[in-house]
$ cat protein.cif   # mmCIF, C-alpha atoms
data_run
loop_
_atom_site.group_PDB
_atom_site.id
_atom_site.type_symbol
_atom_site.label_atom_id
_atom_site.label_comp_id
_atom_site.auth_asym_id
_atom_site.auth_seq_id
_atom_site.Cartn_x
_atom_site.Cartn_y
_atom_site.Cartn_z
ATOM 1 C CA MET A 1 -9.424 -19.225 0.695
ATOM 2 C CA ARG A 2 -9.931 -18.350 4.377
ATOM 3 C CA ALA A 3 -10.968 -14.719 4.830
ATOM 4 C CA ILE A 4 -12.057 -12.192 7.448
ATOM 5 C CA VAL A 5 -14.362 -9.222 6.814
ATOM 6 C CA VAL A 6 -13.614 -5.975 8.679
ATOM 7 C CA GLU A 7 -16.387 -3.377 8.395
ATOM 8 C CA ASP A 8 -17.784 -1.040 11.060
ATOM 9 C CA SER A 9 -21.302 -0.863 9.592
ATOM 10 C CA ARG A 10 -23.313 -3.924 10.628
ATOM 11 C CA LEU A 11 -25.584 -3.773 7.581
ATOM 12 C CA ALA A 12 -22.673 -3.384 5.172
ATOM 13 C CA ARG A 13 -20.720 -6.152 6.906
ATOM 14 C CA GLU A 14 -23.593 -8.636 6.877
ATOM 15 C CA GLY A 15 -24.432 -7.750 3.277
ATOM 16 C CA LEU A 16 -20.863 -8.324 2.120
ATOM 17 C CA ILE A 17 -20.674 -11.638 3.967
ATOM 18 C CA ARG A 18 -23.889 -12.800 2.272
ATOM 19 C CA MET A 19 -22.421 -11.926 -1.105
ATOM 20 C CA LEU A 20 -19.123 -13.632 -0.336
ATOM 21 C CA ASN A 21 -20.890 -16.798 0.792
ATOM 22 C CA THR A 22 -22.092 -17.273 -2.790
ATOM 23 C CA PHE A 23 -18.481 -17.756 -3.941
ATOM 24 C CA ASP A 24 -17.085 -21.235 -3.381
ATOM 25 C CA GLU A 25 -13.527 -19.878 -3.469
ATOM 26 C CA ILE A 26 -14.015 -17.923 -0.227
ATOM 27 C CA THR A 27 -14.621 -19.223 3.293
ATOM 28 C CA ILE A 28 -15.460 -16.512 5.819
ATOM 29 C CA ILE A 29 -13.877 -17.548 9.123
ATOM 30 C CA GLY A 30 -14.666 -14.365 11.055
ATOM 31 C CA ASP A 31 -15.747 -10.742 10.957
ATOM 32 C CA ALA A 32 -15.070 -7.621 13.000
ATOM 33 C CA ASN A 33 -16.517 -4.142 13.342
ATOM 34 C CA HIS A 34 -13.359 -2.355 14.508
ATOM 35 C CA PRO A 35 -9.590 -2.611 13.849
ATOM 36 C CA GLU A 36 -8.862 -3.463 17.496
ATOM 37 C CA THR A 37 -11.260 -6.413 17.411
ATOM 38 C CA ALA A 38 -9.987 -7.401 13.975
ATOM 39 C CA LEU A 39 -6.362 -7.425 15.153
ATOM 40 C CA LYS A 40 -7.115 -10.014 17.850
ATOM 41 C CA LEU A 41 -9.105 -12.109 15.396
ATOM 42 C CA ILE A 42 -6.391 -12.019 12.736
ATOM 43 C CA LYS A 43 -3.684 -12.999 15.216
ATOM 44 C CA GLU A 44 -5.809 -15.935 16.352
ATOM 45 C CA LEU A 45 -7.124 -17.206 13.002
ATOM 46 C CA ARG A 46 -4.343 -16.121 10.576
ATOM 47 C CA PRO A 47 -6.569 -15.623 7.503
ATOM 48 C CA GLU A 48 -5.204 -15.709 3.995
ATOM 49 C CA ALA A 49 -7.298 -12.719 2.898
ATOM 50 C CA LEU A 50 -8.960 -9.609 4.325
ATOM 51 C CA PHE A 51 -11.951 -7.706 3.006
ATOM 52 C CA LEU A 52 -11.106 -4.458 4.736
ATOM 53 C CA ASP A 53 -12.968 -1.190 5.134
ATOM 54 C CA ILE A 54 -10.627 1.807 5.344
ATOM 55 C CA HIS A 55 -12.598 4.570 7.057
ATOM 56 C CA MET A 56 -13.669 3.425 10.531
ATOM 57 C CA PRO A 57 -14.140 5.223 13.863
ATOM 58 C CA GLY A 58 -10.948 5.619 15.893
ATOM 59 C CA GLU A 59 -8.556 3.755 13.613
ATOM 60 C CA SER A 60 -8.395 3.100 9.891
ATOM 61 C CA GLY A 61 -7.865 -0.067 7.922
ATOM 62 C CA PHE A 62 -4.353 1.229 7.188
ATOM 63 C CA ASP A 63 -3.638 1.421 10.934
ATOM 64 C CA LEU A 64 -4.715 -2.201 11.266
ATOM 65 C CA LEU A 65 -2.376 -3.371 8.501
ATOM 66 C CA ASP A 66 0.533 -1.505 10.098
ATOM 67 C CA LYS A 67 0.120 -3.633 13.241
ATOM 68 C CA LEU A 68 0.104 -7.040 11.557
ATOM 69 C CA ASP A 69 3.104 -9.357 11.725
ATOM 70 C CA TYR A 70 2.375 -10.715 8.250
ATOM 71 C CA ILE A 71 0.607 -9.394 5.165
ATOM 72 C CA PRO A 72 -2.489 -11.293 4.028
ATOM 73 C CA LYS A 73 -4.045 -10.611 0.659
ATOM 74 C CA VAL A 74 -6.128 -7.453 0.988
ATOM 75 C CA ILE A 75 -9.209 -6.259 -0.856
ATOM 76 C CA PHE A 76 -10.162 -2.791 0.333
ATOM 77 C CA THR A 77 -13.866 -1.979 0.543
ATOM 78 C CA THR A 78 -14.688 1.692 0.992
ATOM 79 C CA ALA A 79 -17.047 4.505 0.080
ATOM 80 C CA HIS A 80 -14.135 6.961 -0.121
ATOM 81 C CA SER A 81 -12.280 7.101 -3.430
ATOM 82 C CA GLU A 82 -9.695 9.523 -2.021
ATOM 83 C CA TYR A 83 -7.948 6.654 -0.225
ATOM 84 C CA ALA A 84 -7.072 4.926 -3.500
ATOM 85 C CA CYS A 85 -3.572 6.378 -3.856
ATOM 86 C CA ARG A 86 -2.510 5.539 -0.318
ATOM 87 C CA SER A 87 -3.948 2.044 -0.582
ATOM 88 C CA PHE A 88 -1.330 1.078 -3.152
ATOM 89 C CA ASP A 89 1.388 1.318 -0.486
ATOM 90 C CA TYR A 90 -0.140 -1.892 0.893
ATOM 91 C CA ASN A 91 -0.162 -3.759 -2.445
ATOM 92 C CA PRO A 92 -3.882 -4.594 -2.347
ATOM 93 C CA VAL A 93 -5.394 -7.217 -4.628
ATOM 94 C CA ASP A 94 -8.247 -4.811 -5.405
ATOM 95 C CA TYR A 95 -10.005 -1.626 -4.285
ATOM 96 C CA LEU A 96 -13.799 -1.794 -4.247
ATOM 97 C CA LEU A 97 -15.968 1.291 -3.996
ATOM 98 C CA LYS A 98 -19.312 0.946 -2.227
ATOM 99 C CA PRO A 99 -21.976 0.036 -3.092
ATOM 100 C CA ILE A 100 -20.335 -3.166 -4.299
ATOM 101 C CA SER A 101 -22.050 -5.181 -7.007
ATOM 102 C CA THR A 102 -21.852 -8.967 -7.182
ATOM 103 C CA GLU A 103 -20.193 -8.690 -10.589
ATOM 104 C CA ARG A 104 -17.491 -6.332 -9.316
ATOM 105 C CA LEU A 105 -16.915 -8.502 -6.257
ATOM 106 C CA GLY A 106 -16.510 -11.521 -8.518
ATOM 107 C CA GLN A 107 -13.807 -9.717 -10.480
ATOM 108 C CA ALA A 108 -11.937 -8.985 -7.248
ATOM 109 C CA ILE A 109 -12.164 -12.616 -6.141
ATOM 110 C CA ASP A 110 -10.799 -13.728 -9.518
ATOM 111 C CA LYS A 111 -7.797 -11.460 -8.890
ATOM 112 C CA LEU A 112 -7.480 -12.887 -5.393
ATOM 113 C CA GLY A 113 -7.095 -16.377 -6.775
ATOM 114 C CA ALA A 114 -4.567 -15.239 -9.346
ATOM 115 C CA GLU A 115 -2.317 -13.504 -6.802
ATOM 116 C CA PRO A 116 0.847 -15.350 -5.704
ATOM 117 C CA SER A 117 0.385 -16.738 -2.221
ATOM 118 C CA ASP A 118 1.793 -14.676 0.636
ATOM 119 C CA SER A 119 -0.279 -16.190 3.413
ATOM 120 C CA ALA A 120 0.511 -16.576 7.072
ATOM 121 C CA SER A 121 1.991 -19.997 6.425
ATOM 122 C CA SER A 122 4.646 -18.664 4.053
ATOM 123 C CA GLU A 123 7.907 -17.406 5.536
ATOM 124 C CA THR A 124 9.193 -13.984 4.525
ATOM 125 C CA GLU A 125 12.916 -13.980 3.872
ATOM 126 C CA ARG A 126 14.500 -11.538 6.295
ATOM 127 C CA PHE A 127 17.716 -9.569 6.019
ATOM 128 C CA GLU A 128 20.689 -10.427 8.207
ATOM 129 C CA ILE A 129 22.063 -7.707 10.467
ATOM 130 C CA ASP A 130 25.202 -7.615 8.280
ATOM 131 C CA SER A 131 23.147 -7.135 5.096
ATOM 132 C CA LYS A 132 23.365 -3.959 3.080
ATOM 133 C CA ILE A 133 20.140 -2.388 1.848
ATOM 134 C CA PHE A 134 19.694 -0.177 -1.192
ATOM 135 C CA ILE A 135 17.503 2.898 -0.708
ATOM 136 C CA LYS A 136 16.555 5.179 -3.600
ATOM 137 C CA ASP A 137 15.139 8.455 -2.302
ATOM 138 C CA GLY A 138 14.347 10.728 -5.230
ATOM 139 C CA ASP A 139 17.629 11.300 -7.072
ATOM 140 C CA ASP A 140 19.704 10.095 -4.130
ATOM 141 C CA CYS A 141 20.858 6.496 -3.803
ATOM 142 C CA HIS A 142 22.136 4.955 -0.574
ATOM 143 C CA LEU A 143 23.774 1.599 0.109
ATOM 144 C CA VAL A 144 23.315 1.265 3.855
ATOM 145 C CA ALA A 145 24.625 -1.366 6.239
ATOM 146 C CA LEU A 146 21.543 -2.523 8.133
ATOM 147 C CA ARG A 147 23.377 -2.498 11.461
ATOM 148 C CA GLU A 148 23.988 1.254 10.965
ATOM 149 C CA VAL A 149 20.251 2.059 10.784
ATOM 150 C CA LEU A 150 19.223 3.633 14.085
ATOM 151 C CA TYR A 151 15.475 3.426 13.544
ATOM 152 C CA PHE A 152 12.669 3.493 10.986
ATOM 153 C CA GLU A 153 9.853 6.038 11.265
ATOM 154 C CA SER A 154 6.418 5.776 9.652
ATOM 155 C CA CYS A 155 5.612 8.988 7.758
ATOM 156 C CA LYS A 156 2.093 8.601 6.335
ATOM 157 C CA ASN A 157 2.616 6.823 2.984
ATOM 158 C CA HIS A 158 6.337 6.141 3.435
ATOM 159 C CA VAL A 159 8.986 5.085 5.917
ATOM 160 C CA ARG A 160 11.989 7.204 6.802
ATOM 161 C CA ALA A 161 15.239 5.417 7.671
ATOM 162 C CA PHE A 162 17.775 7.147 9.931
ATOM 163 C CA PHE A 163 21.404 6.067 9.579
ATOM 164 C CA GLY A 164 24.498 7.925 10.738
ATOM 165 C CA SER A 165 23.757 11.604 10.176
ATOM 166 C CA ASN A 166 21.559 10.806 7.172
ATOM 167 C CA LYS A 167 17.915 9.965 6.574
ATOM 168 C CA ALA A 168 16.081 8.721 3.509
ATOM 169 C CA PHE A 169 12.539 7.791 2.520
ATOM 170 C CA ILE A 170 11.467 4.273 1.577
ATOM 171 C CA LYS A 171 8.271 3.893 -0.450
ATOM 172 C CA LYS A 172 6.783 1.149 1.708
ATOM 173 C CA ALA A 173 4.530 0.844 4.729
ATOM 174 C CA LEU A 174 6.218 0.318 8.087
ATOM 175 C CA SER A 175 4.703 -3.186 8.334
ATOM 176 C CA ASN A 176 6.327 -4.119 5.004
ATOM 177 C CA VAL A 177 9.708 -2.954 6.265
ATOM 178 C CA GLU A 178 9.246 -4.732 9.587
ATOM 179 C CA GLU A 179 8.673 -8.144 8.011
ATOM 180 C CA LYS A 180 12.112 -7.964 6.363
ATOM 181 C CA LEU A 181 14.085 -6.999 9.477
ATOM 182 C CA PRO A 182 15.919 -9.455 11.763
ATOM 183 C CA THR A 183 13.803 -9.692 14.912
ATOM 184 C CA SER A 184 16.835 -10.230 17.143
ATOM 185 C CA HIS A 185 18.051 -6.707 16.358
ATOM 186 C CA PHE A 186 14.988 -4.591 15.492
ATOM 187 C CA PHE A 187 12.006 -3.913 17.726
ATOM 188 C CA ARG A 188 8.604 -2.311 17.048
ATOM 189 C CA ALA A 189 8.508 0.346 19.771
ATOM 190 C CA ASN A 190 5.100 1.737 18.808
ATOM 191 C CA ARG A 191 2.906 2.324 15.772
ATOM 192 C CA GLN A 192 5.349 4.861 14.361
ATOM 193 C CA PHE A 193 8.840 3.551 15.130
ATOM 194 C CA ILE A 194 10.962 0.427 14.725
ATOM 195 C CA VAL A 195 14.260 0.767 16.582
ATOM 196 C CA ASN A 196 17.628 -0.932 16.290
ATOM 197 C CA LEU A 197 18.233 -2.437 19.746
ATOM 198 C CA ASN A 198 21.967 -1.913 19.307
ATOM 199 C CA HIS A 199 21.470 1.860 19.063
ATOM 200 C CA ILE A 200 19.460 2.324 22.262
ATOM 201 C CA LYS A 201 21.606 4.551 24.483
ATOM 202 C CA SER A 202 19.420 4.505 27.577
ATOM 203 C CA ILE A 203 16.006 3.358 28.830
ATOM 204 C CA SER A 204 13.778 4.935 31.454
ATOM 205 C CA GLU A 205 10.225 4.336 32.630
ATOM 206 C CA SER A 206 7.567 6.578 31.078
ATOM 207 C CA ILE A 207 4.454 8.018 32.699
ATOM 208 C CA THR A 208 2.305 5.786 30.476
ATOM 209 C CA ASP A 209 3.712 2.530 31.962
ATOM 210 C CA GLY A 210 5.902 1.988 28.920
ATOM 211 C CA TYR A 211 9.523 3.050 28.443
ATOM 212 C CA ASP A 212 11.303 6.074 27.023
ATOM 213 C CA LEU A 213 14.119 5.015 24.737
ATOM 214 C CA THR A 214 16.950 7.431 24.066
ATOM 215 C CA MET A 215 18.652 6.534 20.807
ATOM 216 C CA SER A 216 22.328 7.075 20.026
ATOM 217 C CA ASP A 217 21.488 10.245 18.066
ATOM 218 C CA GLY A 218 19.540 11.706 20.992
ATOM 219 C CA GLN A 219 16.073 10.923 19.590
ATOM 220 C CA ARG A 220 13.597 9.890 22.302
ATOM 221 C CA ILE A 221 11.044 7.221 21.407
ATOM 222 C CA GLU A 222 8.317 6.019 23.745
ATOM 223 C CA THR A 223 7.107 2.436 23.760
ATOM 224 C CA SER A 224 3.496 1.538 24.382
ATOM 225 C CA ARG A 225 2.751 -0.333 27.610
ATOM 226 C CA ARG A 226 2.227 -3.609 25.745
ATOM 227 C CA ASN A 227 5.358 -3.202 23.631
ATOM 228 C CA GLY A 228 7.279 -2.156 26.733
ATOM 229 C CA THR A 229 6.469 -5.537 28.264
ATOM 230 C CA ASP A 230 7.817 -7.249 25.148
ATOM 231 C CA LEU A 231 10.961 -5.115 25.252
ATOM 232 C CA ARG A 232 11.575 -5.993 28.901
ATOM 233 C CA ARG A 233 11.256 -9.687 28.055
ATOM 234 C CA ILE A 234 13.666 -9.396 25.110
ATOM 235 C CA LEU A 235 16.319 -7.465 27.010
ATOM 236 C CA SER A 236 15.699 -9.267 30.321
ATOM 237 C CA PHE A 237 15.993 -6.258 32.558
#
$ encode --input "protein.cif" --output "structure tokens"
Amino acid sequence: MRAIVVEDSRLAREGLIRMLNTFDEITIIGDANHPETALKLIKELRPEALFLDIHMPGESGFDLLDKLDYIPKVIFTTAHSEYACRSFDYNPVDYLLKPISTERLGQAIDKLGAEPSDSASSETERFEIDSKIFIKDGDDCHLVALREVLYFESCKNHVRAFFGSNKAFIKKALSNVEEKLPTSHFFRANRQFIVNLNHIKSISESITDGYDLTMSDGQRIETSRRNGTDLRRILSF
């Protein structure tokens, strides 16, 4: 299985790679010391698995996963047990606390091999714009026409969907929601928001070289510069 190691500590990263190289099931195709570097590497190499540290300077391993356009198999490696609960929003194969023993790593790799494949080569079935989605938020249940959703907002461990005058929480990461949405209608404006292109009321240039989107409910959402370029290409304006 092709894997990438993401760890900010050089000693920890090199030590983990040495341990992983003793397992025939794993082929390390790259490593990175920061989420930004890792993102470029993942987009280029499309690994099947990530050995991912969570607590890193600037951005976390969770932030990295939120930016991916597919979900590889993830084994978290961290010295911080307090991240365990949040990690389950990303459906990890395993959660390893440092220092990691060879025996414990072997158990995680066994789980990795037993997991159903959801690699970059497999296609995620997406909803159609005319699909209806079921959202259970606490005791409230909603059957929502996807075309009526204005935007999705990342709220720490969950996603909040805005539709009509209502809003409801979805117990998934924004990246998990994004991979199910039709790309011809929904656009990742920034790390926090995915917008329905049909509900953009107006667009103006922002001071950060991106764009300010005004949604049909009056909410203003700013795109990043890079995502603004993508939006301009999609809408051809």
$ residues_near_point --input "protein.cif" --point "(-14.6, -16.6, 5.7)" --cutoff "9 Å" --atoms "only C-alpha atoms" --output "VMD selection string"
chain A and resid 1 to 5 17 20 to 21 26 to 31 47 49
$ residues_around --input "protein.cif" --residues "Gly15 of chain A" --least-positions-apart "4" --cutoff "12 Å" --atoms "all atoms listed in the file" --output "PyMOL selection string"
chain A and resi 5+7+9-11+19-22+31+98-102
$ resolve_selection --input "protein.cif" --expression "the PyMOL selection byres ((chain A and resi 58) around 12)" --output "PyMOL selection string"
chain A and resi 8+33-36+54-57+59-64
$ atom_distance --input "protein.cif" --atom1 "atom CA of Gly164 of chain A" --atom2 "atom CA of Leu197 of chain A"
15.1 Å
$ resolve_selection --input "protein.cif" --expression "the PyMOL selection byres ((chain A and resi 184) around 9)" --output "VMD selection string"
chain A and resid 129 181 to 183 185 to 187 197 234
$ closest_residue --input "protein.cif" --among "A:Leu65, A:Ala161, A:Val195, A:Ser224" --to "Ile207 of chain A" --atoms "only C-alpha atoms"
A:Ser224
$ resolve_selection --input "protein.cif" --expression "the PyMOL selection byres ((chain A and resi 135) around 9)" --output "ChimeraX atom specification"
/A:133-134,136-137,140-144,168-170
$ atom_distance --input "protein.cif" --atom1 "atom CA of Glu125 of chain A" --atom2 "atom CA of Ser175 of chain A"
14.3 Å
$ closest_residue --input "protein.cif" --among "A:Asp110, A:Asp217, A:Glu148, A:Asp66" --to "Leu39 of chain A" --atoms "only C-alpha atoms"
A:Asp66
$ closest_residue --input "protein.cif" --among "A:Arg191, A:Ser81, A:Arg233, A:Ile221" --to "Lys67 of chain A" --atoms "only C-alpha atoms"
A:Arg191
$ residues_around --input "protein.cif" --residues "Leu52 of chain A" --least-positions-apart "2" --cutoff "6 Å" --atoms "only C-alpha atoms" --output "ChimeraX atom specification"
/A:6,50,76-77
$ write_last_selection --input "protein.cif" --atoms "C-alpha atoms" --output "mmCIF file, keeping the file's coordinate frame"
data_model
loop_
_atom_site.group_PDB
_atom_site.id
_atom_site.type_symbol
_atom_site.label_atom_id
_atom_site.label_comp_id
_atom_site.auth_asym_id
_atom_site.auth_seq_id
_atom_site.Cartn_x
_atom_site.Cartn_y
_atom_site.Cartn_z
ATOM 1 C CA VAL A 6 -13.614 -5.975 8.679
ATOM 2 C CA LEU A 50 -8.960 -9.609 4.325
ATOM 3 C CA PHE A 76 -10.162 -2.791 0.333
ATOM 4 C CA THR A 77 -13.866 -1.979 0.543
#
$ closest_residue --input "protein.cif" --among "A:Arg226, A:Lys40, A:His199, A:Lys73" --to "Leu213 of chain A" --atoms "only C-alpha atoms"
A:His199
$ atom_distance --input "protein.cif" --atom1 "atom CA of Ala114 of chain A" --atom2 "atom CA of Val177 of chain A"
24.5 Å
$ residues_around --input "protein.cif" --residues "Glu153 of chain A" --least-positions-apart "6" --cutoff "9 Å" --atoms "only C-alpha atoms" --output "PyMOL selection string"
chain A and resi 159-162+174+192-195
$ write_last_selection --input "protein.cif" --atoms "C-alpha atoms" --output "PDB file, in the frame of the given file"
ATOM      1  CA  VAL A 159       8.986   5.085   5.917  1.00  0.00           C
ATOM      2  CA  ARG A 160      11.989   7.204   6.802  1.00  0.00           C
ATOM      3  CA  ALA A 161      15.239   5.417   7.671  1.00  0.00           C
ATOM      4  CA  PHE A 162      17.775   7.147   9.931  1.00  0.00           C
ATOM      5  CA  LEU A 174       6.218   0.318   8.087  1.00  0.00           C
ATOM      6  CA  GLN A 192       5.349   4.861  14.361  1.00  0.00           C
ATOM      7  CA  PHE A 193       8.840   3.551  15.130  1.00  0.00           C
ATOM      8  CA  ILE A 194      10.962   0.427  14.725  1.00  0.00           C
ATOM      9  CA  VAL A 195      14.260   0.767  16.582  1.00  0.00           C
TER      10      VAL A 195
END
$ build_atoms --input "protein.cif" --residues "segment 210-237 of chain A" --atoms "N, CA and C atoms" --output "PDB file, in the frame of the given file"
ATOM      1  N   GLY A 210       4.990   2.549  29.909  1.00  0.00           N
ATOM      2  CA  GLY A 210       5.902   1.988  28.920  1.00  0.00           C
ATOM      3  C   GLY A 210       7.318   2.423  29.262  1.00  0.00           C
ATOM      4  N   TYR A 211       8.149   2.617  28.229  1.00  0.00           N
ATOM      5  CA  TYR A 211       9.523   3.050  28.443  1.00  0.00           C
ATOM      6  C   TYR A 211       9.875   4.137  27.446  1.00  0.00           C
ATOM      7  N   ASP A 212      10.726   5.063  27.903  1.00  0.00           N
ATOM      8  CA  ASP A 212      11.303   6.074  27.023  1.00  0.00           C
ATOM      9  C   ASP A 212      12.678   5.587  26.597  1.00  0.00           C
ATOM     10  N   LEU A 213      12.834   5.452  25.281  1.00  0.00           N
ATOM     11  CA  LEU A 213      14.119   5.015  24.737  1.00  0.00           C
ATOM     12  C   LEU A 213      14.871   6.235  24.218  1.00  0.00           C
ATOM     13  N   THR A 214      16.096   6.391  24.628  1.00  0.00           N
ATOM     14  CA  THR A 214      16.950   7.431  24.066  1.00  0.00           C
ATOM     15  C   THR A 214      17.915   6.760  23.098  1.00  0.00           C
ATOM     16  N   MET A 215      17.826   7.155  21.831  1.00  0.00           N
ATOM     17  CA  MET A 215      18.652   6.534  20.807  1.00  0.00           C
ATOM     18  C   MET A 215      20.025   7.195  20.764  1.00  0.00           C
ATOM     19  N   SER A 216      20.947   6.586  20.045  1.00  0.00           N
ATOM     20  CA  SER A 216      22.328   7.075  20.026  1.00  0.00           C
ATOM     21  C   SER A 216      22.470   8.453  19.389  1.00  0.00           C
ATOM     22  N   ASP A 217      21.439   8.893  18.627  1.00  0.00           N
ATOM     23  CA  ASP A 217      21.488  10.245  18.066  1.00  0.00           C
ATOM     24  C   ASP A 217      20.735  11.253  18.925  1.00  0.00           C
ATOM     25  N   GLY A 218      20.255  10.814  20.102  1.00  0.00           N
ATOM     26  CA  GLY A 218      19.540  11.706  20.992  1.00  0.00           C
ATOM     27  C   GLY A 218      18.024  11.663  20.848  1.00  0.00           C
ATOM     28  N   GLN A 219      17.517  11.030  19.789  1.00  0.00           N
ATOM     29  CA  GLN A 219      16.073  10.923  19.590  1.00  0.00           C
ATOM     30  C   GLN A 219      15.441  10.102  20.715  1.00  0.00           C
ATOM     31  N   ARG A 220      14.321  10.619  21.259  1.00  0.00           N
ATOM     32  CA  ARG A 220      13.597   9.890  22.302  1.00  0.00           C
ATOM     33  C   ARG A 220      12.351   9.263  21.696  1.00  0.00           C
ATOM     34  N   ILE A 221      12.158   7.981  21.958  1.00  0.00           N
ATOM     35  CA  ILE A 221      11.044   7.221  21.407  1.00  0.00           C
ATOM     36  C   ILE A 221      10.369   6.483  22.540  1.00  0.00           C
ATOM     37  N   GLU A 222       9.063   6.647  22.657  1.00  0.00           N
ATOM     38  CA  GLU A 222       8.317   6.019  23.745  1.00  0.00           C
ATOM     39  C   GLU A 222       7.674   4.717  23.268  1.00  0.00           C
ATOM     40  N   THR A 223       7.796   3.683  24.070  1.00  0.00           N
ATOM     41  CA  THR A 223       7.107   2.436  23.760  1.00  0.00           C
ATOM     42  C   THR A 223       5.703   2.487  24.349  1.00  0.00           C
ATOM     43  N   SER A 224       4.802   1.732  23.757  1.00  0.00           N
ATOM     44  CA  SER A 224       3.496   1.538  24.382  1.00  0.00           C
ATOM     45  C   SER A 224       3.674   0.612  25.576  1.00  0.00           C
ATOM     46  N   ARG A 225       2.663   0.536  26.438  1.00  0.00           N
ATOM     47  CA  ARG A 225       2.751  -0.333  27.610  1.00  0.00           C
ATOM     48  C   ARG A 225       2.938  -1.789  27.180  1.00  0.00           C
ATOM     49  N   ARG A 226       2.133  -2.220  26.197  1.00  0.00           N
ATOM     50  CA  ARG A 226       2.227  -3.609  25.745  1.00  0.00           C
ATOM     51  C   ARG A 226       3.592  -3.892  25.128  1.00  0.00           C
ATOM     52  N   ASN A 227       4.059  -2.992  24.272  1.00  0.00           N
ATOM     53  CA  ASN A 227       5.358  -3.202  23.631  1.00  0.00           C
ATOM     54  C   ASN A 227       6.494  -3.079  24.637  1.00  0.00           C
ATOM     55  N   GLY A 228       6.271  -2.258  25.685  1.00  0.00           N
ATOM     56  CA  GLY A 228       7.279  -2.156  26.733  1.00  0.00           C
ATOM     57  C   GLY A 228       7.475  -3.477  27.451  1.00  0.00           C
ATOM     58  N   THR A 229       6.389  -4.210  27.648  1.00  0.00           N
ATOM     59  CA  THR A 229       6.469  -5.537  28.264  1.00  0.00           C
ATOM     60  C   THR A 229       7.284  -6.483  27.386  1.00  0.00           C
ATOM     61  N   ASP A 230       7.057  -6.415  26.087  1.00  0.00           N
ATOM     62  CA  ASP A 230       7.817  -7.249  25.148  1.00  0.00           C
ATOM     63  C   ASP A 230       9.298  -6.881  25.171  1.00  0.00           C
ATOM     64  N   LEU A 231       9.573  -5.576  25.225  1.00  0.00           N
ATOM     65  CA  LEU A 231      10.961  -5.115  25.252  1.00  0.00           C
ATOM     66  C   LEU A 231      11.661  -5.611  26.511  1.00  0.00           C
ATOM     67  N   ARG A 232      10.981  -5.533  27.644  1.00  0.00           N
ATOM     68  CA  ARG A 232      11.575  -5.993  28.901  1.00  0.00           C
ATOM     69  C   ARG A 232      11.899  -7.476  28.820  1.00  0.00           C
ATOM     70  N   ARG A 233      11.013  -8.249  28.195  1.00  0.00           N
ATOM     71  CA  ARG A 233      11.256  -9.687  28.055  1.00  0.00           C
ATOM     72  C   ARG A 233      12.460  -9.955  27.155  1.00  0.00           C
ATOM     73  N   ILE A 234      12.563  -9.186  26.057  1.00  0.00           N
ATOM     74  CA  ILE A 234      13.666  -9.396  25.110  1.00  0.00           C
ATOM     75  C   ILE A 234      15.010  -9.057  25.733  1.00  0.00           C
ATOM     76  N   LEU A 235      15.049  -7.934  26.451  1.00  0.00           N
ATOM     77  CA  LEU A 235      16.319  -7.465  27.010  1.00  0.00           C
ATOM     78  C   LEU A 235      16.588  -8.007  28.398  1.00  0.00           C
ATOM     79  N   SER A 236      15.548  -8.622  29.017  1.00  0.00           N
ATOM     80  CA  SER A 236      15.699  -9.267  30.321  1.00  0.00           C
ATOM     81  C   SER A 236      16.234  -8.327  31.379  1.00  0.00           C
ATOM     82  N   PHE A 237      15.584  -7.178  31.485  1.00  0.00           N
ATOM     83  CA  PHE A 237      15.993  -6.258  32.558  1.00  0.00           C
ATOM     84  C   PHE A 237      14.818  -6.027  33.496  1.00  0.00           C
TER      85      PHE A 237
END
